[in-house]
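Q: My file is coords_25.pdb. It has PDB, C-alpha atoms, pLDDT in the B column:
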ATOM      1  CA  MET A   1       3.731 -35.488  -1.529  1.00 46.00           C
ATOM      2  CA  PRO A   2       5.115 -36.495   1.900  1.00 52.00           C
ATOM      3  CA  TRP A   3       8.681 -37.667   2.334  1.00 44.00           C
ATOM      4  CA  ASP A   4       9.036 -41.415   1.760  1.00 47.00           C
ATOM      5  CA  PRO A   5      11.687 -42.837   4.120  1.00 48.00           C
ATOM      6  CA  THR A   6      11.844 -46.140   2.211  1.00 47.00           C
ATOM      7  CA  HIS A   7      12.529 -44.407  -1.109  1.00 41.00           C
ATOM      8  CA  TYR A   8      15.008 -41.981   0.462  1.00 41.00           C
ATOM      9  CA  LEU A   9      16.899 -44.808   2.175  1.00 42.00           C
ATOM     10  CA  ARG A  10      17.404 -46.717  -1.092  1.00 46.00           C
ATOM     11  CA  PHE A  11      20.627 -44.696  -1.373  1.00 41.00           C
ATOM     12  CA  ALA A  12      21.305 -44.425   2.354  1.00 49.00           C
ATOM     13  CA  ASP A  13      24.999 -45.297   2.147  1.00 61.00           C
ATOM     14  CA  HIS A  14      25.616 -42.830  -0.688  1.00 61.00           C
ATOM     15  CA  ARG A  15      23.750 -40.015   1.057  1.00 65.00           C
ATOM     16  CA  ALA A  16      25.507 -40.669   4.369  1.00 82.00           C
ATOM     17  CA  ARG A  17      29.046 -40.166   3.063  1.00 88.00           C
ATOM     18  CA  PRO A  18      29.015 -36.338   3.130  1.00 92.00           C
ATOM     19  CA  GLY A  19      27.327 -36.367   6.540  1.00 94.00           C
ATOM     20  CA  LEU A  20      30.031 -38.568   7.994  1.00 94.00           C
ATOM     21  CA  GLU A  21      32.756 -36.365   6.531  1.00 94.00           C
ATOM     22  CA  LEU A  22      31.037 -33.355   8.060  1.00 96.00           C
ATOM     23  CA  LEU A  23      30.859 -35.069  11.452  1.00 96.00           C
ATOM     24  CA  ALA A  24      34.569 -35.902  11.319  1.00 95.00           C
ATOM     25  CA  ARG A  25      35.480 -32.222  10.945  1.00 95.00           C
ATOM     26  CA  ILE A  26      33.720 -31.083  14.130  1.00 97.00           C
ATOM     27  CA  ARG A  27      36.157 -30.255  16.923  1.00 94.00           C
ATOM     28  CA  HIS A  28      34.240 -30.544  20.187  1.00 95.00           C
ATOM     29  CA  ASP A  29      35.185 -33.104  22.821  1.00 91.00           C
ATOM     30  CA  ARG A  30      32.367 -32.918  25.356  1.00 95.00           C
ATOM     31  CA  PRO A  31      29.220 -31.179  24.087  1.00 98.00           C
ATOM     32  CA  ARG A  32      26.267 -31.226  26.443  1.00 98.00           C
ATOM     33  CA  SER A  33      23.673 -30.573  23.754  1.00 98.00           C
ATOM     34  CA  VAL A  34      23.661 -31.665  20.100  1.00 98.00           C
ATOM     35  CA  VAL A  35      20.915 -30.858  17.595  1.00 98.00           C
ATOM     36  CA  ASP A  36      20.474 -32.424  14.143  1.00 98.00           C
ATOM     37  CA  LEU A  37      18.442 -30.068  11.939  1.00 98.00           C
ATOM     38  CA  GLY A  38      16.607 -31.887   9.170  1.00 96.00           C
ATOM     39  CA  CYS A  39      17.426 -35.266  10.680  1.00 96.00           C
ATOM     40  CA  GLY A  40      15.296 -37.315   8.272  1.00 93.00           C
ATOM     41  CA  PRO A  41      15.126 -41.006   9.255  1.00 92.00           C
ATOM     42  CA  GLY A  42      17.709 -40.445  11.992  1.00 95.00           C
ATOM     43  CA  SER A  43      20.629 -42.608  10.879  1.00 93.00           C
ATOM     44  CA  LEU A  44      23.134 -39.761  11.124  1.00 95.00           C
ATOM     45  CA  THR A  45      21.563 -38.494  14.345  1.00 97.00           C
ATOM     46  CA  ALA A  46      22.396 -41.894  15.818  1.00 96.00           C
ATOM     47  CA  ARG A  47      26.000 -41.430  14.699  1.00 96.00           C
ATOM     48  CA  LEU A  48      26.094 -38.115  16.564  1.00 97.00           C
ATOM     49  CA  ALA A  49      24.901 -39.927  19.690  1.00 97.00           C
ATOM     50  CA  GLU A  50      27.565 -42.605  19.204  1.00 97.00           C
ATOM     51  CA  ARG A  51      30.308 -39.997  19.051  1.00 97.00           C
ATOM     52  CA  TRP A  52      29.014 -38.057  22.059  1.00 98.00           C
ATOM     53  CA  PRO A  53      27.220 -40.605  24.278  1.00 97.00           C
ATOM     54  CA  ASP A  54      26.979 -38.189  27.226  1.00 97.00           C
ATOM     55  CA  ALA A  55      25.289 -35.426  25.213  1.00 98.00           C
ATOM     56  CA  ALA A  56      21.573 -34.740  24.958  1.00 98.00           C
ATOM     57  CA  VAL A  57      20.979 -35.415  21.244  1.00 98.00           C
ATOM     58  CA  THR A  58      17.841 -34.132  19.501  1.00 98.00           C
ATOM     59  CA  GLY A  59      16.723 -34.765  15.932  1.00 98.00           C
ATOM     60  CA  ILE A  60      14.444 -32.166  14.353  1.00 98.00           C
ATOM     61  CA  ASP A  61      12.484 -32.600  11.122  1.00 97.00           C
ATOM     62  CA  SER A  62       9.238 -31.371   9.602  1.00 94.00           C
ATOM     63  CA  SER A  63       8.312 -34.791   8.179  1.00 93.00           C
ATOM     64  CA  ALA A  64       6.169 -36.964  10.440  1.00 94.00           C
ATOM     65  CA  ALA A  65       6.954 -39.998   8.254  1.00 93.00           C
ATOM     66  CA  MET A  66      10.704 -39.516   8.579  1.00 92.00           C
ATOM     67  CA  LEU A  67      10.414 -39.053  12.340  1.00 97.00           C
ATOM     68  CA  ALA A  68       8.278 -42.171  12.673  1.00 96.00           C
ATOM     69  CA  THR A  69      11.115 -44.160  11.112  1.00 94.00           C
ATOM     70  CA  ALA A  70      13.652 -42.405  13.339  1.00 96.00           C
ATOM     71  CA  ARG A  71      11.674 -43.156  16.525  1.00 97.00           C
ATOM     72  CA  ALA A  72      11.222 -46.800  15.545  1.00 97.00           C
ATOM     73  CA  GLU A  73      14.910 -47.289  14.781  1.00 95.00           C
ATOM     74  CA  HIS A  74      16.324 -45.153  17.620  1.00 96.00           C
ATOM     75  CA  PRO A  75      13.763 -44.900  20.437  1.00 96.00           C
ATOM     76  CA  ASP A  76      16.373 -43.757  22.962  1.00 95.00           C
ATOM     77  CA  LEU A  77      16.939 -40.416  21.220  1.00 97.00           C
ATOM     78  CA  ARG A  78      14.751 -37.309  21.321  1.00 97.00           C
ATOM     79  CA  TRP A  79      12.805 -36.481  18.161  1.00 98.00           C
ATOM     80  CA  VAL A  80      10.934 -33.230  17.529  1.00 97.00           C
ATOM     81  CA  GLU A  81       8.615 -32.379  14.635  1.00 97.00           C
ATOM     82  CA  ALA A  82       9.299 -28.748  13.736  1.00 96.00           C
ATOM     83  CA  ASP A  83      10.056 -26.423  10.846  1.00 95.00           C
ATOM     84  CA  ILE A  84      13.763 -25.539  10.792  1.00 93.00           C
ATOM     85  CA  ALA A  85      12.930 -22.039   9.582  1.00 92.00           C
ATOM     86  CA  GLY A  86      11.151 -21.253  12.856  1.00 92.00           C
ATOM     87  CA  TRP A  87      13.033 -23.494  15.269  1.00 94.00           C
ATOM     88  CA  GLU A  88      14.688 -21.933  18.313  1.00 95.00           C
ATOM     89  CA  PRO A  89      16.457 -23.754  21.151  1.00 97.00           C
ATOM     90  CA  GLU A  90      15.503 -23.146  24.763  1.00 94.00           C
ATOM     91  CA  GLU A  91      19.157 -22.483  25.608  1.00 97.00           C
ATOM     92  CA  PRO A  92      22.458 -22.172  23.699  1.00 98.00           C
ATOM     93  CA  VAL A  93      23.522 -25.345  21.868  1.00 98.00           C
ATOM     94  CA  ASP A  94      27.013 -26.852  21.798  1.00 98.00           C
ATOM     95  CA  VAL A  95      26.725 -28.529  18.377  1.00 98.00           C
ATOM     96  CA  VAL A  96      24.206 -27.650  15.670  1.00 98.00           C
ATOM     97  CA  TYR A  97      24.534 -30.145  12.805  1.00 98.00           C
ATOM     98  CA  SER A  98      22.636 -30.145   9.507  1.00 98.00           C
ATOM     99  CA  ASN A  99      23.213 -32.571   6.655  1.00 95.00           C
ATOM    100  CA  ALA A 100      21.511 -31.849   3.296  1.00 93.00           C
ATOM    101  CA  ALA A 101      18.619 -29.808   4.674  1.00 94.00           C
ATOM    102  CA  LEU A 102      19.284 -26.055   4.707  1.00 96.00           C
ATOM    103  CA  HIS A 103      19.279 -25.712   0.904  1.00 93.00           C
ATOM    104  CA  TRP A 104      15.489 -26.157   1.102  1.00 90.00           C
ATOM    105  CA  LEU A 105      15.178 -22.816   2.932  1.00 94.00           C
ATOM    106  CA  ASP A 106      15.204 -19.253   1.575  1.00 92.00           C
ATOM    107  CA  ASP A 107      17.120 -16.198   2.823  1.00 95.00           C
ATOM    108  CA  HIS A 108      20.381 -17.767   3.922  1.00 96.00           C
ATOM    109  CA  GLU A 109      21.635 -14.500   5.373  1.00 97.00           C
ATOM    110  CA  ALA A 110      18.863 -14.487   7.974  1.00 96.00           C
ATOM    111  CA  LEU A 111      18.983 -18.276   8.413  1.00 96.00           C
ATOM    112  CA  PHE A 112      22.723 -18.664   8.999  1.00 97.00           C
ATOM    113  CA  THR A 113      22.964 -15.534  11.134  1.00 96.00           C
ATOM    114  CA  ARG A 114      20.172 -16.898  13.327  1.00 96.00           C
ATOM    115  CA  LEU A 115      21.679 -20.394  13.613  1.00 97.00           C
ATOM    116  CA  ARG A 116      25.068 -18.885  14.489  1.00 97.00           C
ATOM    117  CA  SER A 117      23.407 -16.934  17.301  1.00 96.00           C
ATOM    118  CA  PHE A 118      22.125 -20.173  18.882  1.00 97.00           C
ATOM    119  CA  LEU A 119      25.625 -21.481  19.627  1.00 97.00           C
ATOM    120  CA  ALA A 120      27.116 -21.690  23.095  1.00 97.00           C
ATOM    121  CA  ASP A 121      30.383 -19.816  23.653  1.00 94.00           C
ATOM    122  CA  ASP A 122      32.438 -22.793  22.459  1.00 94.00           C
ATOM    123  CA  GLY A 123      29.763 -24.135  20.118  1.00 97.00           C
ATOM    124  CA  VAL A 124      29.990 -25.477  16.585  1.00 98.00           C
ATOM    125  CA  LEU A 125      27.664 -25.071  13.594  1.00 98.00           C
ATOM    126  CA  ALA A 126      28.298 -27.758  10.949  1.00 98.00           C
ATOM    127  CA  VAL A 127      26.378 -27.720   7.660  1.00 98.00           C
ATOM    128  CA  GLN A 128      26.498 -29.689   4.421  1.00 96.00           C
ATOM    129  CA  MET A 129      24.381 -28.774   1.390  1.00 96.00           C
ATOM    130  CA  PRO A 130      24.123 -30.055  -2.192  1.00 93.00           C
ATOM    131  CA  ASP A 131      25.950 -27.930  -4.759  1.00 94.00           C
ATOM    132  CA  SER A 132      24.591 -29.634  -7.880  1.00 90.00           C
ATOM    133  CA  TRP A 133      22.592 -26.766  -9.338  1.00 91.00           C
ATOM    134  CA  ARG A 134      24.569 -26.659 -12.608  1.00 93.00           C
ATOM    135  CA  ASN A 135      24.588 -30.458 -12.994  1.00 95.00           C
ATOM    136  CA  PRO A 136      22.069 -32.373 -15.139  1.00 96.00           C
ATOM    137  CA  THR A 137      20.375 -33.748 -12.001  1.00 95.00           C
ATOM    138  CA  HIS A 138      18.984 -30.223 -11.566  1.00 93.00           C
ATOM    139  CA  THR A 139      19.205 -28.628 -15.013  1.00 95.00           C
ATOM    140  CA  VAL A 140      17.258 -31.414 -16.754  1.00 96.00           C
ATOM    141  CA  PRO A 141      13.996 -30.977 -14.778  1.00 96.00           C
ATOM    142  CA  ALA A 142      14.396 -27.188 -14.919  1.00 94.00           C
ATOM    143  CA  GLU A 143      14.686 -27.264 -18.708  1.00 94.00           C
ATOM    144  CA  VAL A 144      11.712 -29.624 -19.023  1.00 95.00           C
ATOM    145  CA  LEU A 145       9.514 -27.531 -16.733  1.00 94.00           C
ATOM    146  CA  ASP A 146      10.553 -24.184 -18.182  1.00 91.00           C
ATOM    147  CA  ASP A 147       9.235 -24.979 -21.663  1.00 85.00           C
ATOM    148  CA  GLY A 148       5.878 -23.538 -20.568  1.00 76.00           C
ATOM    149  CA  SER A 149       3.581 -26.555 -20.996  1.00 87.00           C
ATOM    150  CA  TRP A 150       3.341 -27.455 -17.304  1.00 93.00           C
ATOM    151  CA  PRO A 151       1.201 -26.203 -14.417  1.00 93.00           C
ATOM    152  CA  GLU A 152       2.673 -23.135 -12.741  1.00 93.00           C
ATOM    153  CA  GLU A 153       2.486 -24.922  -9.394  1.00 94.00           C
ATOM    154  CA  ALA A 154       4.881 -27.590 -10.659  1.00 94.00           C
ATOM    155  CA  ARG A 155       7.376 -25.009 -11.942  1.00 92.00           C
ATOM    156  CA  ARG A 156       7.277 -23.215  -8.600  1.00 92.00           C
ATOM    157  CA  ALA A 157       7.771 -26.515  -6.760  1.00 91.00           C
ATOM    158  CA  LEU A 158      11.157 -27.211  -8.338  1.00 92.00           C
ATOM    159  CA  LEU A 159      13.938 -26.386  -5.922  1.00 87.00           C
ATOM    160  CA  ARG A 160      16.255 -23.757  -7.428  1.00 86.00           C
ATOM    161  CA  ASP A 161      19.719 -22.623  -6.352  1.00 87.00           C
ATOM    162  CA  ARG A 162      19.591 -21.016  -2.904  1.00 88.00           C
ATOM    163  CA  LEU A 163      23.288 -21.229  -2.090  1.00 94.00           C
ATOM    164  CA  SER A 164      25.256 -18.044  -1.497  1.00 95.00           C
ATOM    165  CA  SER A 165      28.912 -17.233  -2.138  1.00 94.00           C
ATOM    166  CA  PRO A 166      31.696 -18.357   0.214  1.00 92.00           C
ATOM    167  CA  GLY A 167      32.377 -14.736   1.131  1.00 94.00           C
ATOM    168  CA  GLU A 168      28.771 -14.184   2.153  1.00 96.00           C
ATOM    169  CA  TYR A 169      28.727 -17.264   4.398  1.00 96.00           C
ATOM    170  CA  ARG A 170      31.984 -16.084   5.945  1.00 94.00           C
ATOM    171  CA  ARG A 171      30.466 -12.697   6.811  1.00 94.00           C
ATOM    172  CA  TRP A 172      27.357 -14.279   8.300  1.00 95.00           C
ATOM    173  CA  LEU A 173      29.176 -16.917  10.371  1.00 94.00           C
ATOM    174  CA  THR A 174      32.101 -15.002  11.851  1.00 89.00           C
ATOM    175  CA  PRO A 175      33.472 -14.199  14.388  1.00 90.00           C
ATOM    176  CA  GLY A 176      34.823 -17.676  14.881  1.00 90.00           C
ATOM    177  CA  THR A 177      36.969 -20.130  12.966  1.00 92.00           C
ATOM    178  CA  LEU A 178      35.335 -21.042   9.675  1.00 94.00           C
ATOM    179  CA  ASP A 179      36.224 -24.190   7.709  1.00 95.00           C
ATOM    180  CA  LEU A 180      34.591 -24.038   4.269  1.00 95.00           C
ATOM    181  CA  TRP A 181      35.192 -26.508   1.437  1.00 96.00           C
ATOM    182  CA  ARG A 182      33.593 -28.248  -1.527  1.00 95.00           C
ATOM    183  CA  THR A 183      33.834 -31.956  -2.311  1.00 94.00           C
ATOM    184  CA  SER A 184      32.624 -33.836  -5.386  1.00 94.00           C
ATOM    185  CA  TYR A 185      31.878 -37.496  -4.830  1.00 93.00           C
ATOM    186  CA  HIS A 186      31.328 -39.847  -7.740  1.00 93.00           C
ATOM    187  CA  GLN A 187      28.618 -42.249  -6.705  1.00 90.00           C
ATOM    188  CA  GLU A 188      28.288 -45.600  -8.443  1.00 92.00           C
ATOM    189  CA  LEU A 189      24.606 -46.401  -9.014  1.00 93.00           C
ATOM    190  CA  THR A 190      23.040 -49.535 -10.445  1.00 93.00           C
ATOM    191  CA  GLY A 191      19.664 -50.584 -11.803  1.00 93.00           C
ATOM    192  CA  ASP A 192      17.303 -49.071 -14.356  1.00 93.00           C
ATOM    193  CA  ASP A 193      17.092 -45.261 -14.426  1.00 95.00           C
ATOM    194  CA  PRO A 194      19.149 -44.902 -11.234  1.00 94.00           C
ATOM    195  CA  VAL A 195      19.542 -41.121 -11.525  1.00 95.00           C
ATOM    196  CA  TRP A 196      15.794 -40.704 -11.841  1.00 96.00           C
ATOM    197  CA  ASN A 197      15.309 -42.907  -8.777  1.00 92.00           C
ATOM    198  CA  TRP A 198      17.882 -40.795  -6.946  1.00 89.00           C
ATOM    199  CA  VAL A 199      16.286 -37.387  -7.640  1.00 91.00           C
ATOM    200  CA  THR A 200      12.711 -38.559  -7.074  1.00 91.00           C
ATOM    201  CA  GLY A 201      13.710 -39.427  -3.511  1.00 83.00           C
ATOM    202  CA  SER A 202      14.591 -35.799  -2.839  1.00 83.00           C
ATOM    203  CA  VAL A 203      14.610 -32.763  -5.144  1.00 87.00           C
ATOM    204  CA  LEU A 204      11.792 -33.864  -7.499  1.00 92.00           C
ATOM    205  CA  ARG A 205       9.455 -35.036  -4.750  1.00 90.00           C
ATOM    206  CA  PRO A 206       7.490 -31.724  -4.575  1.00 91.00           C
ATOM    207  CA  VAL A 207       7.342 -31.421  -8.369  1.00 95.00           C
ATOM    208  CA  LEU A 208       5.747 -34.844  -8.795  1.00 95.00           C
ATOM    209  CA  SER A 209       3.273 -33.971  -6.072  1.00 93.00           C
ATOM    210  CA  ALA A 210       2.158 -30.909  -8.065  1.00 95.00           C
ATOM    211  CA  LEU A 211       1.452 -32.874 -11.270  1.00 96.00           C
ATOM    212  CA  ASP A 212      -1.628 -34.892 -12.129  1.00 96.00           C
ATOM    213  CA  GLU A 213      -1.211 -38.471 -13.305  1.00 96.00           C
ATOM    214  CA  ALA A 214      -1.022 -37.656 -17.026  1.00 96.00           C
ATOM    215  CA  ASP A 215       1.510 -34.875 -16.561  1.00 96.00           C
ATOM    216  CA  ARG A 216       3.498 -37.015 -14.139  1.00 96.00           C
ATOM    217  CA  VAL A 217       3.850 -39.753 -16.779  1.00 96.00           C
ATOM    218  CA  ARG A 218       4.835 -37.188 -19.434  1.00 96.00           C
ATOM    219  CA  PHE A 219       7.331 -35.454 -17.119  1.00 96.00           C
ATOM    220  CA  THR A 220       8.835 -38.780 -16.045  1.00 96.00           C
ATOM    221  CA  GLY A 221       9.417 -39.904 -19.632  1.00 96.00           C
ATOM    222  CA  ARG A 222      11.102 -36.671 -20.693  1.00 96.00           C
ATOM    223  CA  CYS A 223      13.378 -36.524 -17.668  1.00 96.00           C
ATOM    224  CA  GLN A 224      14.351 -40.187 -17.823  1.00 97.00           C
ATOM    225  CA  GLU A 225      15.345 -39.881 -21.476  1.00 97.00           C
ATOM    226  CA  ARG A 226      17.581 -36.871 -20.767  1.00 97.00           C
ATOM    227  CA  TYR A 227      19.093 -38.447 -17.664  1.00 97.00           C
ATOM    228  CA  ARG A 228      20.055 -41.555 -19.638  1.00 97.00           C
ATOM    229  CA  ALA A 229      21.863 -39.355 -22.159  1.00 97.00           C
ATOM    230  CA  ALA A 230      23.556 -37.211 -19.490  1.00 97.00           C
ATOM    231  CA  TYR A 231      24.578 -40.186 -17.323  1.00 97.00           C
ATOM    232  CA  PRO A 232      25.285 -43.140 -19.653  1.00 96.00           C
ATOM    233  CA  ARG A 233      25.612 -46.588 -18.164  1.00 96.00           C
ATOM    234  CA  GLU A 234      29.099 -48.102 -18.153  1.00 96.00           C
ATOM    235  CA  GLU A 235      29.795 -51.476 -19.749  1.00 95.00           C
ATOM    236  CA  ASP A 236      29.559 -53.202 -16.362  1.00 96.00           C
ATOM    237  CA  GLY A 237      26.097 -51.712 -15.712  1.00 95.00           C
ATOM    238  CA  VAL A 238      27.226 -48.973 -13.328  1.00 96.00           C
ATOM    239  CA  THR A 239      26.038 -45.374 -13.718  1.00 97.00           C
ATOM    240  CA  ILE A 240      28.417 -42.761 -12.302  1.00 96.00           C
ATOM    241  CA  LEU A 241      26.718 -39.792 -10.646  1.00 94.00           C
ATOM    242  CA  PRO A 242      28.849 -36.743  -9.730  1.00 93.00           C
ATOM    243  CA  PHE A 243      27.693 -35.545  -6.323  1.00 90.00           C
ATOM    244  CA  PRO A 244      29.136 -32.108  -5.360  1.00 94.00           C
ATOM    245  CA  ARG A 245      28.579 -30.796  -1.820  1.00 94.00           C
ATOM    246  CA  LEU A 246      29.353 -27.573   0.039  1.00 96.00           C
ATOM    247  CA  PHE A 247      30.546 -27.838   3.659  1.00 97.00           C
ATOM    248  CA  LEU A 248      30.662 -25.134   6.330  1.00 97.00           C
ATOM    249  CA  VAL A 249      31.910 -25.646   9.880  1.00 97.00           C
ATOM    250  CA  VAL A 250      32.197 -22.666  12.237  1.00 97.00           C
ATOM    251  CA  HIS A 251      33.752 -23.019  15.694  1.00 96.00           C
ATOM    252  CA  ALA A 252      32.553 -20.133  17.810  1.00 93.00           C
ATOM    253  CA  ALA A 253      35.432 -20.231  20.293  1.00 71.00           C
TER     254      ALA A 253
END
Let me see the file written as structure tokens.

A:
Amino acid sequence: MPWDPTHYLRFADHRARPGLELLARIRHDRPRSVVDLGCGPGSLTARLAERWPDAAVTGIDSSAAMLATARAEHPDLRWVEADIAGWEPEEPVDVVYSNAALHWLDDHEALFTRLRSFLADDGVLAVQMPDSWRNPTHTVPAEVLDDGSWPEEARRALLRDRLSSPGEYRRWLTPGTLDLWRTSYHQELTGDDPVWNWVTGSVLRPVLSALDEADRVRFTGRCQERYRAAYPREEDGVTILPFPRLFLVVHAA
């Protein structure tokens, strides 16, 4: 199932908050080159260009649909369709930025060591990743799928915890000055089954793609019921969704 920019952008403001916090923690006054890995529809890439108007800013994503939206909204920026796992810059980069993308990739030791090696002498690598693996957003579909009555392809499609320990990231990203922290936002969502709508725009997208129509209906019903219990609606109609994120910013200089 391809990425759906319209569905993803239903919660654009909520999803942008960690990315903007990450951007604010980057200390680099005059980068010449800035790369956004996993840029999606490009809204945060545009914010990078606003902060550093003299830099060459490039957005990289593997989704043609996301990049089509990015090009339409921001035609003045450079957009490249590529797999982050195999991407390499032609020359050292001053700022490598990645918001909510690297958790999709395996082998973080190799990945982060490689990305660190792409930095210029005074470069910065700034990364934000979801840290919700023990929250119901992620445990509910895992429990549903792990009961054994679903196609193996669907169970394999569910994104599992790929994050490493803070000490491991520190070893992979130094030498340099490492700023590492965790923030939990509490997003206020509205509408019917808002948590289900949230996760189907991201983490459950590949699972739904691996199910036929009958299994998709059955899976949807079971997850929605458990999400309603885990995230009850407040009296004013708001559903509060805890939204923990892990941040890593390494300054090479």

Q: As an exercise, work out the distance from CA of Trp87 in chain A to CA of Arg114 in chain A in Å and give it to one decimal place.

A: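 Here the two named atoms are 9.9 Å from each other.
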
Q: Evaluate the PyMOL selection byres ((chain A and resi 118) around 8) against this structure - the residues, as an MDAnalysis selection string, please.

A: chainID A and resid 88:89 91:93 114:117 119:120

Q: Name every residue that the PyMOL selection byres ((chain A and resi 123) around 12) selects in this structure, writing the answer as a ChimeraX atom specification with chains first and numbers rising.

A: /A:26-35,92-97,115-122,124-126,176-177,249-253

Q: Go through A:Pro136, A:Pro244, A:Pro194, A:Pro206 and flag the residue nearest Leu159 in chain A, using all atoms listed in the file for the distances.

A: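 Under the stated criterion, the closest residue is A:Pro206.
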
Q: Distance CA of Asp161 in chain A-CA of Phe243 in chain A, one decimal place?

A: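 So the two atoms, CA of Asp161 in chain A and CA of Phe243 in chain A, lie 15.2 Å apart.
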
Q: When the PyMOL selection byres ((chain A and resi 42-49) around 9) is applied to the file above, which residues end up in the set, as a ChimeraX atom specification?

A: /A:12,16,19-20,23,34-36,39-41,50-59,66-67,69-71,73-74,77,79,97,99

Q: Keeping only C-alpha atoms, write the selected residues as a CSV table (one decimal), in the coordinates of the input.

A:
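What follows is the written file again.csv:
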chain,number,residue,atom,x,y,z
A,12,ALA,CA,21.3,-44.4,2.4
A,16,ALA,CA,25.5,-40.7,4.4
A,19,GLY,CA,27.3,-36.4,6.5
A,20,LEU,CA,30.0,-38.6,8.0
A,23,LEU,CA,30.9,-35.1,11.5
A,34,VAL,CA,23.7,-31.7,20.1
A,35,VAL,CA,20.9,-30.9,17.6
A,36,ASP,CA,20.5,-32.4,14.1
A,39,CYS,CA,17.4,-35.3,10.7
A,40,GLY,CA,15.3,-37.3,8.3
A,41,PRO,CA,15.1,-41.0,9.3
A,50,GLU,CA,27.6,-42.6,19.2
A,51,ARG,CA,30.3,-40.0,19.1
A,52,TRP,CA,29.0,-38.1,22.1
A,53,PRO,CA,27.2,-40.6,24.3
A,54,ASP,CA,27.0,-38.2,27.2
A,55,ALA,CA,25.3,-35.4,25.2
A,56,ALA,CA,21.6,-34.7,25.0
A,57,VAL,CA,21.0,-35.4,21.2
A,58,THR,CA,17.8,-34.1,19.5
A,59,GLY,CA,16.7,-34.8,15.9
A,66,MET,CA,10.7,-39.5,8.6
A,67,LEU,CA,10.4,-39.1,12.3
A,69,THR,CA,11.1,-44.2,11.1
A,70,ALA,CA,13.7,-42.4,13.3
A,71,ARG,CA,11.7,-43.2,16.5
A,73,GLU,CA,14.9,-47.3,14.8
A,74,HIS,CA,16.3,-45.2,17.6
A,77,LEU,CA,16.9,-40.4,21.2
A,79,TRP,CA,12.8,-36.5,18.2
A,97,TYR,CA,24.5,-30.1,12.8
A,99,ASN,CA,23.2,-32.6,6.7

Q: Could you give me, as an MDAnalysis selection string, the residues within 10 Å of Leu180 in chain A, counting all atoms listed in the file and dropping anything in the same chain fewer than 5 positions from it?

A: chainID A and resid 126:128 166 169:170 246:250

Q: Find the residues around Tyr185 in chain A up to 9 Å (only C-alpha atoms counted), leave out those fewer than 4 positions away in its own chain, and share them as number ranges by chain.

A: A: 17-18, 241-245

Q: Given the choices A:Val140, A:Ser165, A:Leu145, A:Ala82, which gets closest to Tyr227 in chain A if the distance is worked out from all atoms listed in the file?

A: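 Among A:Val140, A:Ser165, A:Leu145, A:Ala82, it is A:Val140 that comes nearest to Tyr227 in chain A.
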
Q: If you count all atoms listed in the file, which residues fall within 9 Å of Leu204 in chain A, apart from same-chain ones fewer than 5 positions away, as a VMD selection string?

A: chain A and resid 141 157 to 159 199 209

Q: Have a look at CA of Val207 in chain A and CA of Ala154 in chain A and let me know their distance in Å, one decimal.

A: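 One can read the CA of Val207 in chain A to CA of Ala154 in chain A distance as 5.1 Å.
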
Q: Quick one: of A:Ala72, A:Ala65, A:Leu22, A:Val144, who's nearest to Thr183 in chain A, counting all atoms listed in the file?

A: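 The shortest atom-to-atom distance to Thr183 in chain A comes from A:Leu22.
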
Q: Looking at all atoms listed in the file, which of A:Asp131, A:Glu168, A:Glu152, A:Asp83 is the one that sits closest to Ala110 in chain A?

A: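 Answer, going by the shortest atom-to-atom distance: A:Glu168.
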
Q: Which residue, A:Leu111, A:Arg228, A:Asp61, A:Ala68, has the smallest gap to Ala85 in chain A when you use all atoms listed in the file?

A: A:Leu111
